[in-house]
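Heads up: the structure comes next, in structure tokens.
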Amino acid sequence: MIKITFPDNSVREYPQGTTGIQIAESISPRLAQDVLAVGVNGQTWDLTRPINEDASVKLYKWEDAEGKHAFWHTSAHLMAEALQALYPNIKFGIGPAIENGFYYDVDNEENPIKESDLPVIEAKMMELQSLSEPLIRQDVTKKDALQLFTSRNETYKEELISELEDGTITIYQQGQFVDLCRGPHLPNTAPIKAIKLLSVAGAYWRGDETRKQLTRIYGITFPKKKMLDEYLDFLEEAKKRDHRKLGKELELFAFSQSVGQGLPLWLPKGTMLRDLLEQYLKKIQKKYGYQQVMTPHIGQKELWITSGHYAKYGKDSFQPIRTPQEGEEFLLKPMNCPHHCEIYKTAPRSYKDLPLRFAEFGTVYRYEQSGELHGLTRVRGFTQDDAHLFCRPDQLKDEFLKVMDIVFIIFNALNFKNFEAQISLRDPNNKEKYIGTDENWEKAERAIVEACQEKGLDAKVELGEAAFYGPKLDFMVKDAIGRRWQLGTIQVDYNLPERFELEYMGADNQKHRPVMIHRAPFGSMERFVAVLIEHTGGNFPLWLTPEQAVILPISEKYNDYAKKVAAYLEENDIRASVDDRNEKIGRKIRDNEVKKTPYMLIVGEKEAENDEISVRKHGEGDKGMMKFTTFAEILNQEVESMMNAWQK
RNA sequence: GCCACAAUAGCGUAGUUGGUAGCGCAAAUCAUUCGUAAUGAUUAGGUCGCCGGUUCGAGUCCGGCUUGUGGCUCCA
């Protein structure tokens, strides 16, 4: 007998070789039906794999990430089985479960899979699923595995196997389909009741641009048809929050083919929103000792040769601007750091002057690959809420922590609760990609890791994701359909101060090198606004919304009174307008609900007599009458408290 | 940049064997002067993204380009 420990620490005895599914059956038939995989001493196993020693066991259902993972991984195999049945010469790459569903990379050489083929593949999957074929796990030697997949002409699998260690190789078979696979899987395909193949895409083999591009087929499956319908509904709903759609509907920004790809035009309302965000951050930065600076949009090419950016990005960027002067070349600035370094150098600095914090909403231009452009989140011209902090080494951690505070203030004000933090460090195996000494890198990386620890911030560490001049701490927020975008960023840099020969005079009367922090709490105004639109669905907080109130006269007879109210509100810094169209009140209300204006102020005979308004709140309805002066006071108080919450 | 898909009026869209473009909203005009999610009528608006080809004839078929969408790669 073996002892099985459950998550609640209860222990039961089972015969040696008991499987996860048998354990589930011993507890309840319902559980046996719902269970998808089993955790054995922290590893996820197949339900049919015998457990031969004492173990702590957790049964995973659909609600558990591990359960979904096994479900979707098996679905990927089911799709592969269907593909093989339909296209006998198809070759398989990899086919994992992902956050929402699964994919398989395939190579159907002469006849690549197209979107129009998906329904046929789906139908075949259904057909095979109805057979409820078992997935059979088998340990194999490297030799046998190579032989098996070579005989099947699976060249991609051969490559994968050749890199594996003998004795660790397992294969899974269901029906005619055999796959190199670590597992775990469902016992059989029976639970996969609802199937939807979503899209096809090109994907480079092993993520390497220089290698062959395979066809990646994305799909998702569920144990119930209803769950699939709900998921598809969710995707439909998410489309309504797409910032590109709302940006157009709410007249925030636009693109023009004549202006160029990835070069957004900010419309009046979008500009208002962006301005308000900038003012908010400026106010915070002022409190935190920043000084605003302004620098030109271009600079001599030599600036970026000095910084190292030209060597790394020069040929893939907007090309230099020439002048009538032979040999003179300027670059559109792709970042603000060199300019800010030059500001630092305008005066001799003393250790007493530091830290210096130069902030600028700096517009930069980067020639992103055409395929990368995406709404406002990835553009070729954008404005960073940039600042560069120059400090003494002993001030670094404190400065870094204060920058983190600003990021948290911003995220908090806009209700970004589910952000993820990522520490991006050097790839230790690929150091030639980076500039600067090992010593400086280690100092910088340590500073970030320690700052996160001090703040109790649970940050994921990613190797190889650092900028070429220094490590960074990034804050990522998801968009409406779950794509992650980097917003705030904080970077520690020992390298640029050296390249620009920045100095300060220490208390010891010796010259020292300052440390630099690059930081942008929003990241870029464009991307931040994009993610904000998707988070709010266009229902912006009152302090930020371009139009806070609209006055709706019942008929044209009350237009003059409406204008009087509007003038008062404007005098009191409230953004309001009059809807004086010749329409019925019901129509005006509807249109302004659709425009998501927070307050509708309805005025007719009753209101005009007493300097009153009828207040209607967006999404809530009629709030009754009040003096318009009272309304202005209440609204301004609300805005005030929202904008100053961070100071408490 | 690569793979797949798409592009019809300001916006959203119909147009299924190729036969000369509809609809809704918005706009303009007129009537109506209205009390909490769409008043009615009339009018105007389209070289069907661009260039080329096939054809008696192309929104529709073919090729190239541009722009966009979903991914891959990239992201200072």
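Naming works like this for the structure tokens: A, B, ... for the chains as they're shown, residue 1 at the start of each chain, ligands 1 onward in shown order.
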
Could you list, with a cut-off of 10 Å and counting only C-alpha atoms (C1' of nucleotides), the residues of chain B near chain A, each shown with its nearest atom pair and the distance in Å rounded to one decimal, rows sorted by chain and ascending number, as CSV?
```
residue,atom,partner,partner_atom,distance
B:G1,C1',A:Gln369,CA,6.5
B:C2,C1',A:Gly202,CA,7.3
B:C3,C1',A:Gly202,CA,3.7
B:A4,C1',A:Ala201,CA,5.6
B:C5,C1',A:Glu115,CA,7.6
B:C11,C1',A:Glu249,CA,8.3
B:U32,C1',A:Asn582,CA,9.2
B:U33,C1',A:Ser555,CA,5.3
B:C34,C1',A:Lys584,CA,5.7
B:G35,C1',A:Ile554,CA,6.7
B:U36,C1',A:Gly586,CA,6.3
B:A37,C1',A:Arg590,CA,4.0
B:A38,C1',A:Arg587,CA,5.5
B:U39,C1',A:Lys584,CA,7.3
B:U66,C1',A:Gln257,CA,8.8
B:U67,C1',A:Gln257,CA,7.0
B:G68,C1',A:His374,CA,9.4
B:U69,C1',A:His374,CA,9.3
B:G70,C1',A:Ser199,CA,7.0
B:G71,C1',A:Ala201,CA,4.8
B:C72,C1',A:Ala203,CA,4.2
B:U73,C1',A:Glu209,CA,5.6
B:C74,C1',A:Gln369,CA,7.5
B:C75,C1',A:Glu368,CA,7.7
B:A76,C1',A:His309,CA,6.6
```

Practice prompt. Tell me, as number ranges by chain, which residues lie within 9 Å of range 231-244 of chain A, counting only C-alpha atoms (C1' of nucleotides); anything in the same chain fewer than 2 positions away does not count.
Written response: A: 226-229, 246-249, 253-254, 375-376, 479-481, 529-538

Do a neighbour search on Thr155 in chain A at 9 Å with only C-alpha atoms (C1' of nucleotides), toss out local chain neighbours closer than 4 positions, and write the hits as a PDB file with N, CA, C and O atoms, in the first residue's frame.
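The resulting file, out.pdb, is shown below:
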```
ATOM      1  N   LYS A  91       3.554  17.603 -41.952  1.00  0.00           N
ATOM      2  CA  LYS A  91       4.590  17.412 -40.921  1.00  0.00           C
ATOM      3  C   LYS A  91       4.270  18.311 -39.732  1.00  0.00           C
ATOM      4  O   LYS A  91       3.780  19.423 -39.912  1.00  0.00           O
ATOM      5  N   PHE A  92       4.592  17.821 -38.564  1.00  0.00           N
ATOM      6  CA  PHE A  92       4.228  18.551 -37.350  1.00  0.00           C
ATOM      7  C   PHE A  92       5.420  19.205 -36.683  1.00  0.00           C
ATOM      8  O   PHE A  92       6.502  18.616 -36.596  1.00  0.00           O
ATOM      9  N   GLY A  93       5.223  20.420 -36.208  1.00  0.00           N
ATOM     10  CA  GLY A  93       6.220  21.120 -35.403  1.00  0.00           C
ATOM     11  C   GLY A  93       5.885  20.902 -33.938  1.00  0.00           C
ATOM     12  O   GLY A  93       5.917  19.789 -33.443  1.00  0.00           O
ATOM     13  N   PHE A 149      10.038   8.485 -35.733  1.00  0.00           N
ATOM     14  CA  PHE A 149       9.660   9.732 -36.392  1.00  0.00           C
ATOM     15  C   PHE A 149      10.368   9.906 -37.738  1.00  0.00           C
ATOM     16  O   PHE A 149       9.849  10.562 -38.628  1.00  0.00           O
ATOM     17  N   THR A 150      11.544   9.291 -37.879  1.00  0.00           N
ATOM     18  CA  THR A 150      12.206   9.315 -39.189  1.00  0.00           C
ATOM     19  C   THR A 150      11.372   8.528 -40.184  1.00  0.00           C
ATOM     20  O   THR A 150      11.151   8.962 -41.316  1.00  0.00           O
ATOM     21  N   GLU A 159      14.435  16.756 -35.221  1.00  0.00           N
ATOM     22  CA  GLU A 159      15.315  17.800 -34.689  1.00  0.00           C
ATOM     23  C   GLU A 159      15.111  17.951 -33.183  1.00  0.00           C
ATOM     24  O   GLU A 159      16.068  18.089 -32.426  1.00  0.00           O
ATOM     25  N   LEU A 160      13.842  17.904 -32.753  1.00  0.00           N
ATOM     26  CA  LEU A 160      13.560  18.062 -31.320  1.00  0.00           C
ATOM     27  C   LEU A 160      14.146  16.895 -30.526  1.00  0.00           C
ATOM     28  O   LEU A 160      14.774  17.096 -29.485  1.00  0.00           O
TER      29      LEU A 160
END
```

Item to complete: Find the spatial neighbours of range 20-31 of chain B, counting only C-alpha atoms (C1' of nucleotides), within a cut-off of 12 Å - ignore same-chain residues fewer than 6 positions away - and output them as a ChimeraX atom specification.
Response: /A:249,582,591 /B:8-14,38-46,48,57-60

Taking the DSSP secondary structure from the backbone, can you list the residues of range 217-392 of chain A that are strand (DSSP E or B), as a short mmCIF file (atom, residue, chain, number, x, y, z; two decimals) with all heavy atoms, in the first residue's frame?
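Ended up saving to states01.cif:
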```
data_model
loop_
_atom_site.label_atom_id
_atom_site.label_comp_id
_atom_site.auth_asym_id
_atom_site.auth_seq_id
_atom_site.Cartn_x
_atom_site.Cartn_y
_atom_site.Cartn_z
N ILE A 217 -1.98 26.83 -36.46
CA ILE A 217 -3.44 26.82 -36.40
C ILE A 217 -3.86 26.97 -34.94
O ILE A 217 -3.45 26.17 -34.09
CB ILE A 217 -4.00 25.49 -36.96
CG1 ILE A 217 -3.41 25.22 -38.35
CG2 ILE A 217 -5.53 25.52 -37.01
CD1 ILE A 217 -3.78 23.87 -38.92
N TYR A 218 -4.62 28.02 -34.68
CA TYR A 218 -5.10 28.27 -33.31
C TYR A 218 -6.50 27.73 -33.13
O TYR A 218 -7.34 27.85 -34.03
CB TYR A 218 -5.15 29.78 -33.04
CG TYR A 218 -3.81 30.43 -32.82
CD1 TYR A 218 -3.10 30.99 -33.88
CD2 TYR A 218 -3.26 30.49 -31.54
CE1 TYR A 218 -1.88 31.61 -33.67
CE2 TYR A 218 -2.03 31.11 -31.33
CZ TYR A 218 -1.35 31.66 -32.39
OH TYR A 218 -0.14 32.28 -32.17
N GLY A 219 -6.75 27.14 -31.97
CA GLY A 219 -8.09 26.65 -31.69
C GLY A 219 -8.38 26.71 -30.20
O GLY A 219 -7.50 26.98 -29.38
N ILE A 220 -9.65 26.48 -29.88
CA ILE A 220 -10.02 26.39 -28.47
C ILE A 220 -11.13 25.35 -28.35
O ILE A 220 -11.93 25.18 -29.29
CB ILE A 220 -10.43 27.77 -27.89
CG1 ILE A 220 -10.48 27.70 -26.37
CG2 ILE A 220 -11.78 28.25 -28.49
CD1 ILE A 220 -10.43 29.05 -25.68
N THR A 221 -11.15 24.68 -27.22
CA THR A 221 -12.16 23.63 -26.99
C THR A 221 -12.70 23.77 -25.57
O THR A 221 -12.07 24.40 -24.72
CB THR A 221 -11.52 22.23 -27.12
OG1 THR A 221 -10.37 22.19 -26.26
CG2 THR A 221 -11.11 21.94 -28.55
N PHE A 222 -13.86 23.18 -25.37
CA PHE A 222 -14.50 23.24 -24.05
C PHE A 222 -15.21 21.92 -23.77
O PHE A 222 -15.58 21.21 -24.70
CB PHE A 222 -15.52 24.39 -24.01
CG PHE A 222 -14.88 25.74 -24.07
CD1 PHE A 222 -14.70 26.37 -25.29
CD2 PHE A 222 -14.43 26.37 -22.92
CE1 PHE A 222 -14.09 27.61 -25.36
CE2 PHE A 222 -13.83 27.62 -22.99
CZ PHE A 222 -13.66 28.24 -24.20
N PHE A 253 -9.01 59.76 -31.97
CA PHE A 253 -7.82 59.81 -32.83
C PHE A 253 -8.17 59.18 -34.17
O PHE A 253 -9.22 58.55 -34.32
CB PHE A 253 -6.65 59.06 -32.19
CG PHE A 253 -6.92 57.60 -31.96
CD1 PHE A 253 -6.65 56.65 -32.95
CD2 PHE A 253 -7.48 57.15 -30.77
CE1 PHE A 253 -6.92 55.31 -32.75
CE2 PHE A 253 -7.76 55.81 -30.57
CZ PHE A 253 -7.48 54.89 -31.56
N ALA A 254 -7.29 59.37 -35.14
CA ALA A 254 -7.51 58.83 -36.48
C ALA A 254 -6.17 58.61 -37.15
O ALA A 254 -5.14 59.09 -36.68
CB ALA A 254 -8.36 59.81 -37.30
N LEU A 265 -3.19 60.75 -35.69
CA LEU A 265 -3.66 62.13 -35.61
C LEU A 265 -4.56 62.21 -34.38
O LEU A 265 -5.53 61.47 -34.28
CB LEU A 265 -4.46 62.49 -36.86
CG LEU A 265 -3.73 62.27 -38.19
CD1 LEU A 265 -4.69 62.45 -39.36
CD2 LEU A 265 -2.56 63.23 -38.30
N TRP A 266 -4.22 63.08 -33.46
CA TRP A 266 -5.05 63.23 -32.26
C TRP A 266 -6.14 64.25 -32.53
O TRP A 266 -5.85 65.41 -32.83
CB TRP A 266 -4.18 63.67 -31.08
CG TRP A 266 -3.31 62.56 -30.57
CD1 TRP A 266 -2.11 62.17 -31.07
CD2 TRP A 266 -3.60 61.69 -29.47
NE1 TRP A 266 -1.63 61.10 -30.35
CE2 TRP A 266 -2.52 60.79 -29.35
CE3 TRP A 266 -4.67 61.59 -28.56
CZ2 TRP A 266 -2.47 59.80 -28.37
CZ3 TRP A 266 -4.61 60.61 -27.59
CH2 TRP A 266 -3.53 59.72 -27.50
N GLN A 291 11.94 68.49 -12.88
CA GLN A 291 11.92 69.75 -13.61
C GLN A 291 11.59 69.45 -15.06
O GLN A 291 12.21 68.59 -15.67
CB GLN A 291 13.30 70.40 -13.53
CG GLN A 291 13.70 70.76 -12.12
CD GLN A 291 15.15 71.15 -12.06
OE1 GLN A 291 16.05 70.32 -12.15
NE2 GLN A 291 15.40 72.45 -11.93
N GLN A 292 10.61 70.19 -15.59
CA GLN A 292 10.26 69.98 -17.00
C GLN A 292 11.33 70.61 -17.89
O GLN A 292 11.81 71.72 -17.61
CB GLN A 292 8.91 70.62 -17.32
CG GLN A 292 7.70 69.91 -16.72
CD GLN A 292 7.45 68.51 -17.25
OE1 GLN A 292 7.17 67.60 -16.49
NE2 GLN A 292 7.55 68.34 -18.57
N ILE A 298 14.81 66.80 -33.47
CA ILE A 298 15.93 66.20 -34.19
C ILE A 298 17.22 66.52 -33.47
O ILE A 298 17.25 67.36 -32.55
CB ILE A 298 16.02 66.71 -35.65
CG1 ILE A 298 16.27 68.22 -35.69
CG2 ILE A 298 14.75 66.35 -36.42
CD1 ILE A 298 16.54 68.74 -37.09
N GLY A 299 18.26 65.84 -33.85
CA GLY A 299 19.58 66.13 -33.28
C GLY A 299 20.63 65.56 -34.23
O GLY A 299 20.31 64.71 -35.06
N GLN A 300 21.83 66.00 -34.08
CA GLN A 300 22.88 65.51 -34.97
C GLN A 300 23.08 64.02 -34.79
O GLN A 300 23.02 63.50 -33.68
CB GLN A 300 24.19 66.25 -34.68
CG GLN A 300 24.11 67.71 -35.00
CD GLN A 300 25.49 68.27 -35.32
OE1 GLN A 300 26.10 67.93 -36.32
NE2 GLN A 300 25.97 69.11 -34.43
N ILE A 321 18.30 63.01 -41.85
CA ILE A 321 17.84 64.19 -42.59
C ILE A 321 19.09 64.93 -43.03
O ILE A 321 19.96 65.24 -42.21
CB ILE A 321 17.00 65.10 -41.66
CG1 ILE A 321 15.78 64.33 -41.15
CG2 ILE A 321 16.61 66.38 -42.37
CD1 ILE A 321 15.11 65.00 -39.96
N ARG A 322 19.15 65.21 -44.33
CA ARG A 322 20.32 65.94 -44.83
C ARG A 322 20.00 67.43 -44.94
O ARG A 322 18.84 67.83 -44.92
CB ARG A 322 20.74 65.38 -46.17
CG ARG A 322 21.41 64.01 -46.05
CD ARG A 322 22.14 63.65 -47.33
NE ARG A 322 21.22 63.65 -48.46
CZ ARG A 322 20.45 62.62 -48.78
NH1 ARG A 322 20.48 61.52 -48.05
NH2 ARG A 322 19.64 62.69 -49.81
N GLU A 329 24.26 65.68 -41.07
CA GLU A 329 23.11 64.77 -40.98
C GLU A 329 22.45 64.85 -39.60
O GLU A 329 23.13 64.84 -38.58
CB GLU A 329 23.56 63.32 -41.22
CG GLU A 329 23.93 63.04 -42.65
CD GLU A 329 24.24 61.57 -42.87
OE1 GLU A 329 25.03 61.00 -42.10
OE2 GLU A 329 23.67 60.98 -43.80
N PHE A 330 21.14 64.91 -39.63
CA PHE A 330 20.36 64.92 -38.38
C PHE A 330 19.48 63.69 -38.34
O PHE A 330 19.07 63.18 -39.38
CB PHE A 330 19.48 66.16 -38.32
CG PHE A 330 20.24 67.44 -38.13
CD1 PHE A 330 20.79 68.11 -39.21
CD2 PHE A 330 20.43 67.95 -36.86
CE1 PHE A 330 21.51 69.29 -39.03
CE2 PHE A 330 21.14 69.13 -36.67
CZ PHE A 330 21.69 69.80 -37.75
N LEU A 331 19.15 63.25 -37.13
CA LEU A 331 18.19 62.15 -36.99
C LEU A 331 16.95 62.67 -36.28
O LEU A 331 17.05 63.49 -35.36
CB LEU A 331 18.78 61.02 -36.13
CG LEU A 331 19.86 60.13 -36.74
CD1 LEU A 331 20.22 59.05 -35.74
CD2 LEU A 331 19.37 59.50 -38.04
N LEU A 332 15.80 62.17 -36.73
CA LEU A 332 14.59 62.34 -35.93
C LEU A 332 14.86 61.59 -34.65
O LEU A 332 15.31 60.45 -34.70
CB LEU A 332 13.44 61.66 -36.63
CG LEU A 332 12.63 62.46 -37.62
CD1 LEU A 332 11.68 61.54 -38.34
CD2 LEU A 332 11.86 63.56 -36.91
N SER A 350 27.48 69.46 -8.93
CA SER A 350 28.05 69.09 -7.64
C SER A 350 27.23 67.94 -7.06
O SER A 350 26.06 67.77 -7.41
CB SER A 350 27.99 70.29 -6.70
OG SER A 350 27.83 69.85 -5.36
N LEU A 356 19.21 65.03 -10.07
CA LEU A 356 18.55 65.93 -11.01
C LEU A 356 17.54 65.11 -11.79
O LEU A 356 17.84 64.00 -12.22
CB LEU A 356 19.58 66.52 -11.98
CG LEU A 356 20.40 67.67 -11.45
CD1 LEU A 356 21.55 67.94 -12.39
CD2 LEU A 356 19.54 68.92 -11.27
N ARG A 357 16.34 65.65 -11.92
CA ARG A 357 15.27 64.87 -12.60
C ARG A 357 14.68 65.73 -13.70
O ARG A 357 13.94 66.67 -13.44
CB ARG A 357 14.19 64.49 -11.59
CG ARG A 357 14.73 63.83 -10.31
CD ARG A 357 13.61 63.54 -9.34
NE ARG A 357 14.10 63.08 -8.05
CZ ARG A 357 14.34 63.86 -7.01
NH1 ARG A 357 14.15 65.17 -7.09
NH2 ARG A 357 14.77 63.35 -5.87
N PHE A 358 15.06 65.38 -14.95
CA PHE A 358 14.58 66.13 -16.11
C PHE A 358 13.45 65.37 -16.79
O PHE A 358 13.63 64.23 -17.21
CB PHE A 358 15.71 66.34 -17.13
CG PHE A 358 16.87 67.14 -16.58
CD1 PHE A 358 18.18 66.76 -16.84
CD2 PHE A 358 16.64 68.27 -15.79
CE1 PHE A 358 19.24 67.49 -16.35
CE2 PHE A 358 17.70 69.01 -15.29
CZ PHE A 358 19.01 68.62 -15.57
N ALA A 359 12.31 66.01 -16.87
CA ALA A 359 11.12 65.36 -17.46
C ALA A 359 10.70 66.08 -18.72
O ALA A 359 10.81 67.31 -18.82
CB ALA A 359 9.97 65.35 -16.46
N GLU A 360 10.22 65.30 -19.68
CA GLU A 360 9.75 65.88 -20.94
C GLU A 360 8.74 64.93 -21.57
O GLU A 360 8.98 63.72 -21.62
CB GLU A 360 10.93 66.06 -21.90
CG GLU A 360 10.50 66.49 -23.29
CD GLU A 360 11.67 66.78 -24.23
OE1 GLU A 360 12.80 66.37 -23.93
OE2 GLU A 360 11.42 67.42 -25.26
N PHE A 361 7.63 65.49 -22.02
CA PHE A 361 6.76 64.68 -22.87
C PHE A 361 7.38 64.76 -24.26
O PHE A 361 7.14 65.71 -25.00
CB PHE A 361 5.32 65.20 -22.83
CG PHE A 361 4.66 64.90 -21.51
CD1 PHE A 361 4.71 65.82 -20.48
CD2 PHE A 361 4.04 63.68 -21.31
CE1 PHE A 361 4.14 65.53 -19.25
CE2 PHE A 361 3.47 63.38 -20.08
CZ PHE A 361 3.52 64.31 -19.04
N GLY A 362 8.23 63.81 -24.53
CA GLY A 362 9.09 63.89 -25.70
C GLY A 362 8.57 63.00 -26.83
O GLY A 362 8.40 61.81 -26.64
N THR A 363 8.35 63.63 -27.97
CA THR A 363 7.84 62.88 -29.12
C THR A 363 9.00 62.26 -29.88
O THR A 363 9.97 62.96 -30.19
CB THR A 363 7.02 63.79 -30.02
OG1 THR A 363 5.99 64.38 -29.24
CG2 THR A 363 6.39 63.01 -31.17
N VAL A 364 8.91 60.98 -30.12
CA VAL A 364 10.01 60.26 -30.78
C VAL A 364 9.47 59.47 -31.98
O VAL A 364 8.27 59.23 -32.08
CB VAL A 364 10.71 59.31 -29.78
CG1 VAL A 364 11.33 60.09 -28.64
CG2 VAL A 364 9.75 58.25 -29.25
N TYR A 365 10.38 59.11 -32.86
CA TYR A 365 9.99 58.42 -34.10
C TYR A 365 10.84 57.18 -34.28
O TYR A 365 12.06 57.26 -34.24
CB TYR A 365 10.16 59.37 -35.30
CG TYR A 365 9.26 60.57 -35.17
CD1 TYR A 365 9.69 61.72 -34.52
CD2 TYR A 365 7.95 60.51 -35.63
CE1 TYR A 365 8.85 62.80 -34.36
CE2 TYR A 365 7.10 61.60 -35.48
CZ TYR A 365 7.55 62.74 -34.84
OH TYR A 365 6.72 63.80 -34.67
N HIS A 374 0.03 48.58 -34.82
CA HIS A 374 -1.21 48.09 -34.23
C HIS A 374 -1.92 49.24 -33.54
O HIS A 374 -1.51 49.64 -32.45
CB HIS A 374 -0.89 46.98 -33.21
CG HIS A 374 -2.09 46.39 -32.57
ND1 HIS A 374 -2.59 45.17 -32.95
CD2 HIS A 374 -2.90 46.84 -31.61
CE1 HIS A 374 -3.67 44.91 -32.24
NE2 HIS A 374 -3.87 45.91 -31.40
N ARG A 378 1.10 50.36 -31.06
CA ARG A 378 2.43 50.26 -31.67
C ARG A 378 2.43 51.18 -32.87
O ARG A 378 1.77 50.88 -33.86
CB ARG A 378 2.69 48.79 -32.07
CG ARG A 378 4.11 48.46 -32.38
CD ARG A 378 4.92 48.21 -31.13
NE ARG A 378 6.32 48.05 -31.46
CZ ARG A 378 6.89 46.88 -31.74
NH1 ARG A 378 6.20 45.78 -31.70
NH2 ARG A 378 8.16 46.80 -32.05
N GLY A 381 5.30 57.17 -34.56
CA GLY A 381 5.57 58.46 -33.94
C GLY A 381 4.78 58.51 -32.65
O GLY A 381 3.56 58.36 -32.70
N PHE A 382 5.44 58.69 -31.53
CA PHE A 382 4.69 58.67 -30.27
C PHE A 382 5.40 59.52 -29.23
O PHE A 382 6.55 59.92 -29.40
CB PHE A 382 4.50 57.24 -29.76
CG PHE A 382 5.78 56.46 -29.57
CD1 PHE A 382 6.36 56.37 -28.31
CD2 PHE A 382 6.37 55.83 -30.63
CE1 PHE A 382 7.53 55.64 -28.12
CE2 PHE A 382 7.55 55.11 -30.45
CZ PHE A 382 8.12 55.01 -29.20
N THR A 383 4.66 59.81 -28.16
CA THR A 383 5.19 60.70 -27.14
C THR A 383 5.40 59.95 -25.84
O THR A 383 4.46 59.39 -25.28
CB THR A 383 4.23 61.88 -26.92
OG1 THR A 383 4.09 62.55 -28.17
CG2 THR A 383 4.77 62.83 -25.87
N GLN A 384 6.64 59.91 -25.42
CA GLN A 384 6.96 59.26 -24.14
C GLN A 384 6.79 60.26 -23.02
O GLN A 384 7.17 61.43 -23.17
CB GLN A 384 8.42 58.80 -24.14
CG GLN A 384 8.74 57.77 -25.19
CD GLN A 384 10.22 57.41 -25.18
OE1 GLN A 384 11.08 58.27 -25.17
NE2 GLN A 384 10.50 56.13 -25.18
N ASP A 385 6.24 59.80 -21.90
CA ASP A 385 6.22 60.64 -20.70
C ASP A 385 7.56 60.40 -20.01
O ASP A 385 7.64 59.80 -18.96
CB ASP A 385 5.04 60.30 -19.80
CG ASP A 385 5.00 58.85 -19.41
OD1 ASP A 385 5.33 57.99 -20.26
OD2 ASP A 385 4.65 58.55 -18.26
N ASP A 386 8.58 60.89 -20.66
CA ASP A 386 9.95 60.51 -20.34
C ASP A 386 10.52 61.35 -19.21
O ASP A 386 10.12 62.50 -19.01
CB ASP A 386 10.79 60.72 -21.60
CG ASP A 386 11.94 59.74 -21.70
OD1 ASP A 386 12.10 58.93 -20.76
OD2 ASP A 386 12.65 59.77 -22.71
N ALA A 387 11.44 60.77 -18.48
CA ALA A 387 12.27 61.56 -17.58
C ALA A 387 13.57 60.81 -17.38
O ALA A 387 13.60 59.58 -17.45
CB ALA A 387 11.59 61.82 -16.24
N HIS A 388 14.62 61.57 -17.16
CA HIS A 388 15.92 60.97 -16.84
C HIS A 388 16.38 61.52 -15.51
O HIS A 388 16.40 62.74 -15.32
CB HIS A 388 16.91 61.23 -17.96
CG HIS A 388 16.52 60.52 -19.23
ND1 HIS A 388 15.77 61.12 -20.20
CD2 HIS A 388 16.71 59.24 -19.61
CE1 HIS A 388 15.54 60.24 -21.16
NE2 HIS A 388 16.09 59.09 -20.84
N LEU A 389 16.69 60.60 -14.62
CA LEU A 389 17.14 60.99 -13.29
C LEU A 389 18.62 60.73 -13.22
O LEU A 389 19.09 59.64 -13.57
CB LEU A 389 16.42 60.14 -12.23
CG LEU A 389 14.96 60.50 -11.92
CD1 LEU A 389 14.09 60.38 -13.15
CD2 LEU A 389 14.44 59.61 -10.81
N PHE A 390 19.36 61.75 -12.78
CA PHE A 390 20.80 61.61 -12.64
C PHE A 390 21.09 61.66 -11.15
O PHE A 390 20.75 62.64 -10.48
CB PHE A 390 21.52 62.74 -13.36
CG PHE A 390 21.19 62.79 -14.84
CD1 PHE A 390 20.11 63.52 -15.30
CD2 PHE A 390 21.96 62.07 -15.75
CE1 PHE A 390 19.81 63.56 -16.65
CE2 PHE A 390 21.65 62.10 -17.11
CZ PHE A 390 20.57 62.85 -17.56
N CYS A 391 21.68 60.58 -10.62
CA CYS A 391 21.88 60.57 -9.17
C CYS A 391 23.23 59.97 -8.82
O CYS A 391 23.92 59.39 -9.66
CB CYS A 391 20.74 59.82 -8.49
SG CYS A 391 20.61 58.09 -8.94
#
```

Discussion item. Could you list, as an MDAnalysis selection string, every residue within 6 Å of range 64-76 of chain A, counting only C-alpha atoms (C1' of nucleotides) and ignoring same-chain residues fewer than 6 positions away?
Written reply: chainID A and resid 36:37 95:97 101:102 184:185

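Among the residues of range 181-269 of chain A, backbone DSSP assigns helix (DSSP H, G or I) to Trp205, Arg206, Gly207, Lys225, Lys226, Met227, Leu228, Asp229, Glu230, Tyr231, Leu232, Asp233, Phe234, Leu235, Glu236, Glu237, Ala238, Lys239, Lys240, His243, Arg244, Lys245, Leu246, Gly247, Lys248, Glu249, Pro268 and Lys269 of chain A.
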
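Atom pair CA of Arg380 in chain A / CA of Leu263 in chain A has a distance of 5.8 Å (rounded to one decimal).
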
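Closest approach to Tyr156 in chain A among A:Ala576, A:Leu83, A:Leu252, A:Leu180 is made by A:Leu180 (distances from only C-alpha atoms).
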
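For G63 in chain B, the residues within 12 Å (counting only C-alpha atoms (C1' of nucleotides), excluding itself and residues fewer than 2 positions away along the chain) are B:C51, B:G52, B:G53, B:U54, B:C61, B:C65.
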